[in-house]
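Text of final-v4.txt (compact mmCIF, C-alpha atoms and all ligand atoms) as supplied:
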```
# COMPACT_ATOMS: atom_id res chain seq x y z
CA MET X 1 64.19 -23.53 16.81
CA LYS X 2 62.55 -23.95 13.41
CA LEU X 3 62.02 -21.09 10.95
CA PHE X 4 58.39 -20.16 10.38
CA ASP X 5 58.03 -21.75 6.97
CA VAL X 6 56.34 -19.16 4.76
CA TYR X 7 58.71 -18.99 1.79
CA PRO X 8 59.06 -21.64 -0.93
CA LEU X 9 62.83 -21.56 -1.52
CA TYR X 10 65.10 -22.16 -4.49
CA GLU X 11 68.06 -24.33 -3.53
CA VAL X 12 70.67 -21.59 -3.88
CA CYS X 13 72.57 -20.02 -1.00
CA PRO X 14 74.32 -16.78 -1.95
CA THR X 15 77.28 -15.94 0.27
CA LYS X 16 78.89 -13.16 -1.75
CA ALA X 17 77.76 -10.63 -4.37
CA LYS X 18 79.42 -8.11 -6.66
CA ASP X 19 77.66 -5.72 -9.05
CA VAL X 20 75.22 -7.84 -11.13
CA TYR X 21 76.46 -11.22 -9.86
CA VAL X 22 75.85 -13.30 -6.75
CA TYR X 23 77.98 -16.31 -5.75
CA ASP X 24 77.10 -19.39 -3.75
CA GLU X 25 79.31 -21.23 -1.26
CA ALA X 26 80.93 -23.28 -4.02
CA GLY X 27 81.79 -20.10 -5.94
CA THR X 28 79.18 -20.65 -8.67
CA GLU X 29 78.37 -17.33 -10.33
CA TYR X 30 74.71 -16.33 -10.88
CA LEU X 31 73.62 -13.41 -13.05
CA ASP X 32 71.16 -11.39 -10.96
CA LEU X 33 68.34 -10.19 -13.22
CA TYR X 34 66.00 -10.08 -10.21
CA GLY X 35 67.92 -7.65 -7.98
CA GLY X 36 66.55 -9.35 -4.87
CA HIS X 37 63.10 -8.11 -6.03
CA ALA X 38 64.05 -4.74 -7.57
CA VAL X 39 66.06 -3.78 -4.49
CA ILE X 40 69.61 -3.68 -5.84
CA SER X 41 69.87 -0.39 -7.70
CA ILE X 42 73.58 0.56 -7.87
CA GLY X 43 74.88 -3.03 -7.88
CA HIS X 44 75.78 -5.44 -5.11
CA SER X 45 78.55 -4.35 -2.72
CA HIS X 46 79.27 -1.15 -4.63
CA PRO X 47 82.63 0.13 -3.22
CA HIS X 48 81.31 3.66 -2.63
CA TYR X 49 78.26 2.26 -0.81
CA VAL X 50 80.41 -0.05 1.32
CA ASN X 51 82.85 2.74 2.21
CA ARG X 52 80.09 5.21 3.07
CA LEU X 53 78.34 2.68 5.34
CA GLN X 54 81.57 1.59 7.00
CA ALA X 55 82.54 5.19 7.73
CA GLN X 56 79.08 5.99 9.13
CA LEU X 57 79.15 2.84 11.27
CA GLN X 58 82.36 4.09 12.91
CA LYS X 59 80.61 7.36 13.84
CA ILE X 60 77.00 6.64 14.82
CA ALA X 61 74.65 3.97 13.45
CA PHE X 62 71.38 4.88 15.11
CA TYR X 63 69.64 7.29 17.34
CA SER X 64 65.92 7.89 17.69
CA ASN X 65 63.85 10.57 15.98
CA ALA X 66 63.70 12.47 19.27
CA VAL X 67 66.92 14.33 18.36
CA GLU X 68 68.30 16.12 15.30
CA ASN X 69 69.73 14.06 12.45
CA PRO X 70 71.10 16.29 9.66
CA LEU X 71 71.50 13.27 7.36
CA GLN X 72 67.70 13.25 6.93
CA GLN X 73 67.77 16.83 5.59
CA LYS X 74 70.70 15.95 3.30
CA LEU X 75 68.67 13.03 1.96
CA ALA X 76 65.59 15.23 1.47
CA ASP X 77 67.71 17.76 -0.47
CA GLN X 78 69.21 15.06 -2.68
CA ILE X 79 65.85 13.41 -3.43
CA GLY X 80 64.44 16.88 -4.18
CA GLU X 81 67.29 17.62 -6.55
CA GLN X 82 67.21 14.32 -8.44
CA SER X 83 63.41 14.06 -8.66
CA CYS X 84 62.87 17.82 -9.22
CA LEU X 85 60.13 17.62 -6.55
CA HIS X 86 61.74 20.28 -4.31
CA GLU X 87 58.43 21.43 -2.83
CA TYR X 88 57.48 18.01 -1.38
CA GLN X 89 58.21 16.99 2.25
CA LEU X 90 60.03 13.79 3.24
CA PHE X 91 59.04 11.33 5.98
CA LEU X 92 61.25 8.27 6.42
CA CYS X 93 60.36 4.73 7.45
CA SER X 94 61.85 1.28 6.85
CA SER X 95 59.89 -0.65 4.20
CA GLY X 96 57.49 -0.37 1.28
CA ALA X 97 54.43 -1.57 3.17
CA GLU X 98 55.17 0.92 5.93
CA ALA X 99 55.47 3.71 3.35
CA ASN X 100 52.05 2.84 1.92
CA GLU X 101 50.56 2.44 5.39
CA ASN X 102 51.75 5.94 6.28
CA ALA X 103 50.53 7.36 2.96
CA LEU X 104 47.03 5.93 3.44
CA LYS X 105 46.88 7.05 7.05
CA LEU X 106 48.03 10.54 6.11
CA ALA X 107 45.39 10.76 3.37
CA SER X 108 42.71 9.83 5.89
CA PHE X 109 44.01 12.38 8.44
CA HIS X 110 44.08 15.02 5.69
CA ASN X 111 40.52 14.74 4.40
CA GLY X 112 38.81 12.88 7.24
CA LYS X 113 37.51 10.09 4.98
CA LYS X 114 38.23 6.36 5.23
CA ARG X 115 37.47 4.30 2.12
CA VAL X 116 40.29 3.49 -0.33
CA VAL X 117 40.10 2.92 -4.07
CA ALA X 118 42.78 0.60 -5.45
CA PHE X 119 43.21 -1.29 -8.72
CA LYS X 120 42.79 -4.85 -9.93
CA ASN X 121 46.01 -6.84 -9.48
CA ALA X 122 47.50 -4.18 -7.21
CA PHE X 123 50.19 -5.07 -4.67
CA HIS X 124 50.92 -2.55 -1.92
CA GLY X 125 52.43 -4.66 0.88
CA ARG X 126 51.46 -6.92 3.72
CA THR X 127 50.47 -4.66 6.62
CA SER X 128 47.05 -3.47 7.69
CA ALA X 129 45.71 -0.94 5.14
CA ALA X 130 48.44 -1.72 2.58
CA VAL X 131 47.46 -5.39 2.38
CA ALA X 132 43.76 -4.50 2.32
CA ALA X 133 44.54 -2.37 -0.77
CA THR X 134 46.31 -5.40 -2.30
CA ASP X 135 44.16 -7.38 -4.72
CA ASN X 136 44.87 -10.83 -3.26
CA LEU X 137 42.45 -12.36 -0.77
CA ASN X 138 44.93 -15.13 0.08
CA ILE X 139 47.14 -12.68 1.97
CA ASN X 140 44.29 -10.69 3.57
CA ALA X 141 43.38 -12.00 7.03
CA PRO X 142 39.88 -11.37 8.40
CA LEU X 143 41.42 -8.57 10.48
CA ASN X 144 42.64 -6.78 7.33
CA GLN X 145 39.32 -7.25 5.59
CA GLN X 146 37.72 -4.75 7.98
CA GLN X 147 39.29 -1.97 5.91
CA GLU X 148 37.02 -0.46 3.29
CA VAL X 149 38.68 -0.88 -0.11
CA THR X 150 37.08 -0.91 -3.55
CA PHE X 151 39.01 -2.37 -6.49
CA ILE X 152 38.40 -1.05 -9.99
CA PRO X 153 40.17 -1.79 -13.29
CA PHE X 154 42.82 0.54 -14.72
CA ASN X 155 41.55 2.98 -17.38
CA ASP X 156 37.90 2.97 -16.23
CA SER X 157 37.33 6.69 -15.48
CA GLN X 158 33.60 6.21 -15.10
CA ALA X 159 34.01 3.59 -12.39
CA LEU X 160 36.50 5.85 -10.62
CA GLU X 161 34.23 8.89 -10.73
CA LYS X 162 31.28 6.79 -9.54
CA GLU X 163 33.27 5.80 -6.43
CA LEU X 164 34.66 9.28 -5.73
CA GLN X 165 31.22 10.89 -6.07
CA LYS X 166 30.09 8.93 -3.01
CA GLY X 167 32.26 11.37 -1.00
CA ASP X 168 33.87 8.86 1.40
CA VAL X 169 37.12 7.97 -0.42
CA CYS X 170 40.25 9.20 1.38
CA ALA X 171 42.72 7.92 -1.20
CA VAL X 172 43.20 6.44 -4.61
CA ILE X 173 46.40 4.38 -4.60
CA PHE X 174 48.05 3.15 -7.81
CA GLU X 175 51.29 1.68 -9.09
CA PRO X 176 52.43 3.60 -12.21
CA ILE X 177 53.85 0.26 -13.36
CA GLN X 178 52.40 -2.74 -11.53
CA GLY X 179 55.15 -4.87 -10.03
CA VAL X 180 53.90 -8.10 -8.49
CA GLY X 181 50.76 -7.85 -10.68
CA GLY X 182 52.78 -8.33 -13.87
CA LEU X 183 53.90 -4.94 -15.27
CA ASP X 184 50.59 -3.52 -16.48
CA GLN X 185 50.44 0.28 -16.70
CA PRO X 186 47.49 2.68 -16.69
CA GLU X 187 47.05 4.67 -19.91
CA ASP X 188 48.36 8.26 -19.90
CA ASP X 189 44.89 9.79 -20.36
CA PHE X 190 43.56 7.80 -17.43
CA VAL X 191 46.41 8.96 -15.16
CA LEU X 192 45.64 12.60 -15.99
CA LYS X 193 41.90 12.04 -15.45
CA MET X 194 42.58 10.26 -12.15
CA GLU X 195 44.55 13.26 -10.88
CA GLN X 196 41.82 15.68 -11.96
CA LEU X 197 39.08 13.61 -10.28
CA CYS X 198 41.07 13.25 -7.06
CA TYR X 199 41.50 17.03 -6.80
CA GLN X 200 37.83 17.58 -7.73
CA TYR X 201 36.47 15.21 -5.06
CA ASP X 202 38.98 16.04 -2.29
CA THR X 203 40.62 12.61 -2.41
CA ALA X 204 44.36 12.05 -2.05
CA LEU X 205 46.19 10.49 -4.98
CA ILE X 206 48.97 8.13 -3.87
CA ALA X 207 51.60 6.96 -6.34
CA ASP X 208 53.17 3.72 -5.09
CA GLU X 209 56.73 3.98 -6.40
CA VAL X 210 58.09 1.38 -3.99
CA GLN X 211 59.29 -0.74 -6.88
CA SER X 212 59.35 1.68 -9.83
CA GLY X 213 60.98 4.64 -8.04
CA PHE X 214 64.60 5.76 -7.67
CA SER X 215 65.34 5.69 -11.43
CA ARG X 216 64.39 2.08 -12.17
CA SER X 217 61.82 3.05 -14.79
CA GLY X 218 64.10 5.48 -16.66
CA THR X 219 62.64 8.56 -14.95
CA PHE X 220 63.26 9.24 -11.25
CA PHE X 221 59.66 8.23 -10.51
CA ALA X 222 57.60 6.32 -13.06
CA PHE X 223 54.61 8.68 -12.68
CA GLN X 224 56.81 11.49 -14.02
CA ASN X 225 56.06 10.20 -17.50
CA ASN X 226 52.80 12.07 -16.91
CA ASN X 227 52.67 15.63 -15.70
CA ILE X 228 50.85 14.95 -12.41
CA LYS X 229 51.38 15.95 -8.78
CA PRO X 230 50.29 13.10 -6.49
CA HIS X 231 49.50 14.06 -2.89
CA VAL X 232 51.81 11.32 -1.64
CA ILE X 233 54.58 9.32 -3.34
CA THR X 234 55.80 6.16 -1.63
CA MET X 235 59.23 4.63 -2.10
CA ALA X 236 61.49 1.89 -0.70
CA LYS X 237 63.28 -0.97 -2.51
CA GLY X 238 65.99 0.67 -4.70
CA MET X 239 66.30 3.54 -2.24
CA GLY X 240 68.79 1.72 -0.01
CA ASN X 241 70.34 -0.88 -2.35
CA GLY X 242 69.49 -3.53 0.25
CA PHE X 243 69.60 -1.46 3.42
CA PRO X 244 66.01 -1.37 4.77
CA ILE X 245 64.70 2.13 4.15
CA GLY X 246 61.40 3.50 2.86
CA GLY X 247 59.78 6.87 2.73
CA ILE X 248 56.96 9.06 1.57
CA LEU X 249 57.07 12.39 -0.25
CA VAL X 250 54.20 14.60 0.81
CA HIS X 251 52.67 17.39 -1.30
CA PRO X 252 52.94 20.86 0.30
CA ASP X 253 49.11 21.07 0.57
CA VAL X 254 49.26 18.32 3.20
CA LYS X 255 50.40 19.87 6.47
CA PRO X 256 52.27 18.00 9.20
CA LYS X 257 51.26 17.91 12.85
CA TYR X 258 53.41 16.61 15.74
CA GLY X 259 52.74 12.94 16.39
CA MET X 260 50.75 12.40 13.18
CA LEU X 261 53.33 9.87 11.94
CA GLY X 262 56.29 8.32 13.70
CA THR X 263 58.75 5.43 13.79
CA THR X 264 61.65 4.14 15.88
CA PHE X 265 63.96 2.96 13.12
CA GLY X 266 62.92 5.10 10.15
CA GLY X 267 65.51 7.61 8.94
CA ASN X 268 68.34 6.35 11.13
CA HIS X 269 71.93 7.35 10.38
CA LEU X 270 72.90 4.16 8.56
CA ALA X 271 69.70 4.09 6.49
CA CYS X 272 70.15 7.73 5.38
CA THR X 273 73.79 7.07 4.53
CA ALA X 274 72.86 4.03 2.43
CA SER X 275 70.32 6.07 0.48
CA LEU X 276 72.69 9.02 0.05
CA ALA X 277 75.32 6.62 -1.34
CA VAL X 278 72.71 5.28 -3.79
CA LEU X 279 71.79 8.79 -4.95
CA GLU X 280 75.46 9.75 -5.36
CA ILE X 281 76.10 6.77 -7.65
CA LEU X 282 72.82 7.19 -9.57
CA LYS X 283 73.94 10.74 -10.38
CA LYS X 284 77.64 10.12 -10.98
CA ASP X 285 77.10 7.12 -13.25
CA LYS X 286 73.94 8.51 -14.93
CA LEU X 287 72.12 5.27 -14.20
CA GLN X 288 68.66 6.66 -14.98
CA LYS X 289 69.66 7.37 -18.58
CA HIS X 290 71.47 4.04 -18.67
CA ALA X 291 68.26 2.24 -17.63
CA LYS X 292 66.50 3.70 -20.66
CA GLU X 293 69.35 2.67 -22.97
CA MET X 294 69.30 -0.86 -21.60
CA GLU X 295 65.51 -1.01 -22.10
CA ALA X 296 65.99 -0.16 -25.77
CA TYR X 297 68.60 -2.92 -26.09
CA PHE X 298 66.30 -5.40 -24.32
CA ARG X 299 63.41 -4.55 -26.63
CA GLY X 300 65.57 -5.04 -29.72
CA LYS X 301 66.53 -8.53 -28.56
CA ALA X 302 63.13 -9.52 -27.13
CA GLU X 303 61.27 -8.62 -30.32
CA LYS X 304 62.98 -11.62 -31.93
CA ILE X 305 61.40 -14.09 -29.48
CA LYS X 306 58.25 -15.47 -31.10
CA GLY X 307 55.06 -15.14 -29.05
CA ALA X 308 56.61 -13.07 -26.25
CA LYS X 309 55.03 -9.73 -25.37
CA ILE X 310 57.36 -7.09 -23.90
CA LYS X 311 56.06 -5.29 -20.80
CA GLY X 312 57.30 -2.53 -18.50
CA ARG X 313 59.75 0.32 -18.74
CA GLY X 314 63.40 1.12 -17.99
CA LEU X 315 64.86 -1.80 -16.06
CA MET X 316 61.45 -2.89 -14.75
CA LEU X 317 60.71 -5.25 -17.60
CA GLY X 318 58.86 -8.41 -18.40
CA LEU X 319 58.24 -10.98 -21.08
CA GLU X 320 54.72 -12.38 -21.25
CA PHE X 321 54.51 -15.83 -22.79
CA ASP X 322 51.50 -18.02 -23.62
CA PHE X 323 52.58 -20.53 -20.95
CA GLU X 324 53.38 -20.46 -17.23
CA VAL X 325 57.02 -19.42 -16.67
CA GLY X 326 57.61 -21.21 -13.33
CA PRO X 327 59.48 -24.18 -14.88
CA LEU X 328 61.44 -21.84 -17.18
CA ARG X 329 62.60 -19.76 -14.21
CA LYS X 330 63.79 -22.94 -12.48
CA ARG X 331 65.79 -23.99 -15.53
CA LEU X 332 67.25 -20.48 -15.83
CA ILE X 333 68.51 -20.75 -12.26
CA TYR X 334 69.70 -24.34 -12.15
CA GLU X 335 70.94 -24.79 -15.73
CA LYS X 336 71.92 -21.27 -16.80
CA HIS X 337 72.64 -19.66 -13.42
CA ILE X 338 70.39 -16.67 -14.06
CA PHE X 339 67.96 -15.23 -11.48
CA THR X 340 64.70 -13.80 -12.84
CA GLY X 341 61.40 -12.84 -11.20
CA GLY X 342 57.84 -14.18 -11.41
CA SER X 343 54.55 -12.38 -10.95
CA SER X 344 50.93 -13.02 -10.01
CA ASN X 345 50.36 -13.22 -13.77
CA LYS X 346 51.99 -16.63 -14.04
CA ASN X 347 52.91 -16.13 -17.71
CA VAL X 348 55.18 -13.14 -17.02
CA LEU X 349 58.94 -13.49 -16.56
CA ARG X 350 60.13 -10.40 -14.72
CA ILE X 351 63.50 -8.70 -15.22
CA LEU X 352 64.54 -6.34 -12.39
CA PRO X 353 68.34 -6.18 -12.51
CA PRO X 354 70.74 -3.77 -10.83
CA LEU X 355 70.74 -0.55 -12.89
CA THR X 356 74.43 -1.10 -13.62
CA LEU X 357 73.60 -4.00 -15.96
CA GLN X 358 75.37 -3.99 -19.36
CA LYS X 359 74.35 -5.23 -22.82
CA ALA X 360 76.46 -8.38 -22.43
CA HIS X 361 74.29 -9.42 -19.49
CA PHE X 362 71.14 -9.23 -21.62
CA ASP X 363 73.00 -11.19 -24.31
CA GLN X 364 73.59 -13.88 -21.69
CA LEU X 365 69.84 -13.96 -20.89
CA PHE X 366 68.71 -14.13 -24.52
CA ASP X 367 71.29 -16.85 -25.38
CA ALA X 368 69.93 -18.84 -22.45
CA LEU X 369 66.32 -18.31 -23.54
CA GLU X 370 67.14 -19.33 -27.11
CA ASP X 371 68.55 -22.54 -25.72
CA LEU X 372 65.69 -23.30 -23.34
CA LEU X 373 62.62 -22.26 -25.33
C1 LIG X 401 54.58 -1.74 -5.53
C2 LIG X 401 54.92 -2.29 -4.17
N1 LIG X 401 54.44 -1.69 -3.07
C3 LIG X 401 54.74 -2.11 -1.84
C4 LIG X 401 55.52 -3.24 -1.64
C5 LIG X 401 55.82 -3.72 -0.25
O1 LIG X 401 57.14 -3.45 0.07
P1 LIG X 401 57.86 -4.18 1.32
O2 LIG X 401 57.98 -5.61 0.96
O3 LIG X 401 59.17 -3.46 1.47
O4 LIG X 401 56.97 -3.97 2.50
C6 LIG X 401 56.03 -3.92 -2.75
C7 LIG X 401 56.85 -5.14 -2.59
O5 LIG X 401 57.05 -5.93 -3.46
C8 LIG X 401 55.73 -3.43 -4.05
O6 LIG X 401 56.17 -4.05 -5.14
```

Can the structure from this file be put into structure tokens for me?
Ligand SMILES: Cc1ncc(COP(=O)(O)O)c(C=O)c1O
Amino acid sequence: MKLFDVYPLYEVCPTKAKDVYVYDEAGTEYLDLYGGHAVISIGHSHPHYVNRLQAQLQKIAFYSNAVENPLQQKLADQIGEQSCLHEYQLFLCSSGAEANENALKLASFHNGKKRVVAFKNAFHGRTSAAVAATDNLNINAPLNQQQEVTFIPFNDSQALEKELQKGDVCAVIFEPIQGVGGLDQPEDDFVLKMEQLCYQYDTALIADEVQSGFSRSGTFFAFQNNNIKPHVITMAKGMGNGFPIGGILVHPDVKPKYGMLGTTFGGNHLACTASLAVLEILKKDKLQKHAKEMEAYFRGKAEKIKGAKIKGRGLMLGLEFDFEVGPLRKRLIYEKHIFTGGSSNKNVLRILPPLTLQKAHFDQLFDALEDLL
């Protein structure tokens, strides 16, 4: 049987990984500044993570959400503690798109409306409403285009108010730091205004923290740079360090009802254990603070590269050049053995490493760039 060929692949086949490195079959070492797309948070094959998962596997790996699973409450308590969002409610699923799908659906259940406002260059996933709220027609099938979504630019409060005044918008969904779009961020004043308008017009505000959440940006959630309370916060990627897990945090104003949301796999024993292991290491090794320190080091080095604009926050960073970075990324992989990320803004080189990255790893990147540029 052939694989359904939807991914253009680099010719690298990782068979082993440790902390910030992955290794191919021949033992070649690659520095992972991509983190498998911002997924690896506490480092590949972290011993605590491996031990916790192995121990859980010996006990019980999965049972459905029809019975009690105390690991879900433990996870809710830990997320509450580390994010300081104790009053929110946790619902677990298995991916970022699913988290956004549930958030949008919940918003619509909550206020009975059905149009969505999203932002230019947004990426929210590849399922029904999530892909419709993604600003890329190439990945929206005619089926998805039935959803009512209006795209507006960041920082345009007037455009936002004009849409919300129409009274039919169930949710405004935004990425506090755009991932796939190329690391643009809304201005602080706009974020505050957006929250105020959402409350004023009975519209749910959804913060998509699928990529920026779980300490990657230097705060637990990137929106916490601003003092706002979104109705729903979505998360996935770094949450499980590679184990598929996603979730939403729901504001206490939004009340649950039996059957409103549901999933077979979401919140299973292994997934909760993976995320608990991540939270334990984030806390023990103070990786959130470390992400900020590494950002400062990155900025110091990047400022010396002529013509490169620094984007992003924490360890969700980018360098915007005045040329397309595709060929540079190839040379970084094949000649320098360094993985980096691209973006829909073709001039942006994205840096999304494990949060355990050290200064020497950035030195390795900047030495390589000095050589190649
Ligand atoms: C901000 C954001 N939201 C949602 C998603 C979709 O997540 P997943 O691929 O786990 O469905 C992504 C994936 O890149 C993302 O970056």

Wanna dump the chain X-ligand LIG 401 (chain X) contacts at 10 Å for me, each residue with its shortest atom pair and the distance in Å to one decimal, counting only C-alpha atoms and all ligand atoms, ordered by chain and number, as CSV?
```
residue,atom,partner,partner_atom,distance
X:His37,CA,X:LIG401,O5,6.9
X:Ala38,CA,X:LIG401,O5,8.2
X:Val39,CA,X:LIG401,O3,9.1
X:Ser94,CA,X:LIG401,O3,7.7
X:Ser95,CA,X:LIG401,O3,4.0
X:Gly96,CA,X:LIG401,O1,3.3
X:Ala97,CA,X:LIG401,O4,3.6
X:Glu98,CA,X:LIG401,O4,6.2
X:Ala99,CA,X:LIG401,C3,7.8
X:Asn100,CA,X:LIG401,C3,6.8
X:Glu101,CA,X:LIG401,C3,9.5
X:Ala122,CA,X:LIG401,C1,7.7
X:Phe123,CA,X:LIG401,C2,5.5
X:His124,CA,X:LIG401,N1,3.8
X:Gly125,CA,X:LIG401,C5,3.7
X:Arg126,CA,X:LIG401,O4,6.4
X:Thr127,CA,X:LIG401,O4,7.7
X:Ala130,CA,X:LIG401,C3,7.7
X:Val131,CA,X:LIG401,C5,8.9
X:Thr134,CA,X:LIG401,N1,9.0
X:Phe174,CA,X:LIG401,C1,8.5
X:Glu175,CA,X:LIG401,C1,5.9
X:Pro176,CA,X:LIG401,C1,8.8
X:Ile177,CA,X:LIG401,C1,8.1
X:Gln178,CA,X:LIG401,C1,6.5
X:Gly179,CA,X:LIG401,O6,5.1
X:Val180,CA,X:LIG401,O6,5.7
X:Gly181,CA,X:LIG401,O6,8.6
X:Ala207,CA,X:LIG401,C1,9.2
X:Asp208,CA,X:LIG401,C1,5.7
X:Glu209,CA,X:LIG401,C1,6.2
X:Val210,CA,X:LIG401,C2,4.9
X:Gln211,CA,X:LIG401,O6,4.9
X:Ser212,CA,X:LIG401,C1,7.3
X:Gly213,CA,X:LIG401,C1,9.4
X:Thr234,CA,X:LIG401,N1,8.1
X:Met235,CA,X:LIG401,N1,8.0
X:Ala236,CA,X:LIG401,O3,6.2
X:Lys237,CA,X:LIG401,O3,6.2
X:Pro244,CA,X:LIG401,O3,7.9
X:Ile245,CA,X:LIG401,O3,8.3
X:Gly246,CA,X:LIG401,O3,7.4
```

Can you spit out the residues from that selection as a PDB file, in the frame of the given file, using C-alpha atoms?
```
ATOM      1  CA  HIS X  37      63.100  -8.110  -6.030  1.00  0.00           C
ATOM      2  CA  ALA X  38      64.050  -4.740  -7.570  1.00  0.00           C
ATOM      3  CA  VAL X  39      66.060  -3.780  -4.490  1.00  0.00           C
ATOM      4  CA  SER X  94      61.850   1.280   6.850  1.00  0.00           C
ATOM      5  CA  SER X  95      59.890  -0.650   4.200  1.00  0.00           C
ATOM      6  CA  GLY X  96      57.490  -0.370   1.280  1.00  0.00           C
ATOM      7  CA  ALA X  97      54.430  -1.570   3.170  1.00  0.00           C
ATOM      8  CA  GLU X  98      55.170   0.920   5.930  1.00  0.00           C
ATOM      9  CA  ALA X  99      55.470   3.710   3.350  1.00  0.00           C
ATOM     10  CA  ASN X 100      52.050   2.840   1.920  1.00  0.00           C
ATOM     11  CA  GLU X 101      50.560   2.440   5.390  1.00  0.00           C
ATOM     12  CA  ALA X 122      47.500  -4.180  -7.210  1.00  0.00           C
ATOM     13  CA  PHE X 123      50.190  -5.070  -4.670  1.00  0.00           C
ATOM     14  CA  HIS X 124      50.920  -2.550  -1.920  1.00  0.00           C
ATOM     15  CA  GLY X 125      52.430  -4.660   0.880  1.00  0.00           C
ATOM     16  CA  ARG X 126      51.460  -6.920   3.720  1.00  0.00           C
ATOM     17  CA  THR X 127      50.470  -4.660   6.620  1.00  0.00           C
ATOM     18  CA  ALA X 130      48.440  -1.720   2.580  1.00  0.00           C
ATOM     19  CA  VAL X 131      47.460  -5.390   2.380  1.00  0.00           C
ATOM     20  CA  THR X 134      46.310  -5.400  -2.300  1.00  0.00           C
ATOM     21  CA  PHE X 174      48.050   3.150  -7.810  1.00  0.00           C
ATOM     22  CA  GLU X 175      51.290   1.680  -9.090  1.00  0.00           C
ATOM     23  CA  PRO X 176      52.430   3.600 -12.210  1.00  0.00           C
ATOM     24  CA  ILE X 177      53.850   0.260 -13.360  1.00  0.00           C
ATOM     25  CA  GLN X 178      52.400  -2.740 -11.530  1.00  0.00           C
ATOM     26  CA  GLY X 179      55.150  -4.870 -10.030  1.00  0.00           C
ATOM     27  CA  VAL X 180      53.900  -8.100  -8.490  1.00  0.00           C
ATOM     28  CA  GLY X 181      50.760  -7.850 -10.680  1.00  0.00           C
ATOM     29  CA  ALA X 207      51.600   6.960  -6.340  1.00  0.00           C
ATOM     30  CA  ASP X 208      53.170   3.720  -5.090  1.00  0.00           C
ATOM     31  CA  GLU X 209      56.730   3.980  -6.400  1.00  0.00           C
ATOM     32  CA  VAL X 210      58.090   1.380  -3.990  1.00  0.00           C
ATOM     33  CA  GLN X 211      59.290  -0.740  -6.880  1.00  0.00           C
ATOM     34  CA  SER X 212      59.350   1.680  -9.830  1.00  0.00           C
ATOM     35  CA  GLY X 213      60.980   4.640  -8.040  1.00  0.00           C
ATOM     36  CA  THR X 234      55.800   6.160  -1.630  1.00  0.00           C
ATOM     37  CA  MET X 235      59.230   4.630  -2.100  1.00  0.00           C
ATOM     38  CA  ALA X 236      61.490   1.890  -0.700  1.00  0.00           C
ATOM     39  CA  LYS X 237      63.280  -0.970  -2.510  1.00  0.00           C
ATOM     40  CA  PRO X 244      66.010  -1.370   4.770  1.00  0.00           C
ATOM     41  CA  ILE X 245      64.700   2.130   4.150  1.00  0.00           C
ATOM     42  CA  GLY X 246      61.400   3.500   2.860  1.00  0.00           C
TER      43      GLY X 246
END
```

Students should find that CA of Ile206 (chain X) and CA of Met194 (chain X) are spaced 10.7 Å

Of X:Glu335, X:Glu163, X:Glu303, X:Glu195, the one sitting nearest Phe366 (chain X) when using all atoms listed in the file is X:Glu303

Nearby residues (all atoms listed in the file) at most 9 Å from Leu287 (chain X), same-chain spacing under 6 positions excluded, as an MDAnalysis selection string:
chainID X and resid 41:42 215:216 218 281 355:356

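Put simply, CA of Leu192 (chain X) is 13.8 Å away from CA of Ala222 (chain X).
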
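Ranking X:Glu87, X:Asp168, X:Glu68, X:Asp77 by their shortest atom-to-atom distance to Ala107 (chain X), with only C-alpha atoms included, puts X:Asp168 first.
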
- Task: List the neighbours of Lys311 (chain X) out to 9 Å using all atoms listed in the file; skip same-chain residues closer than 6 positions along the sequence, and give me the result as a ChimeraX atom specification.
- Result: /X:182-185,317-320,348,350

Nearest to Lys292 (chain X), restricted to all atoms listed in the file and choosing among X:Thr203, X:Thr219, X:Thr264, X:Gln78, comes out as X:Thr219

re CA of Phe223 (chain X) and CA of Leu205 (chain X): distance 11.6 Å

File for region 294-299 of chain X (N, CA, C and O atoms), as a JSON list (two decimals), in the first residue's frame:
```json
[["chain", "number", "residue", "atom", "x", "y", "z"],
["X", 294, "MET", "N", 16.73, 32.63, 27.36],
["X", 294, "MET", "CA", 17.27, 32.22, 26.06],
["X", 294, "MET", "C", 16.83, 33.20, 24.96],
["X", 294, "MET", "O", 17.56, 33.44, 24.01],
["X", 295, "GLU", "N", 15.63, 33.77, 25.11],
["X", 295, "GLU", "CA", 15.17, 34.78, 24.13],
["X", 295, "GLU", "C", 16.14, 35.97, 24.16],
["X", 295, "GLU", "O", 16.55, 36.48, 23.09],
["X", 296, "ALA", "N", 16.49, 36.40, 25.37],
["X", 296, "ALA", "CA", 17.39, 37.56, 25.48],
["X", 296, "ALA", "C", 18.73, 37.25, 24.80],
["X", 296, "ALA", "O", 19.30, 38.08, 24.08],
["X", 297, "TYR", "N", 19.22, 36.02, 25.00],
["X", 297, "TYR", "CA", 20.50, 35.63, 24.38],
["X", 297, "TYR", "C", 20.37, 35.62, 22.85],
["X", 297, "TYR", "O", 21.24, 36.11, 22.13],
["X", 298, "PHE", "N", 19.25, 35.07, 22.38],
["X", 298, "PHE", "CA", 18.99, 35.01, 20.93],
["X", 298, "PHE", "C", 18.98, 36.42, 20.34],
["X", 298, "PHE", "O", 19.61, 36.68, 19.32],
["X", 299, "ARG", "N", 18.28, 37.32, 21.02],
["X", 299, "ARG", "CA", 18.17, 38.70, 20.50],
["X", 299, "ARG", "C", 19.55, 39.35, 20.40],
["X", 299, "ARG", "O", 19.87, 40.01, 19.41]]
```
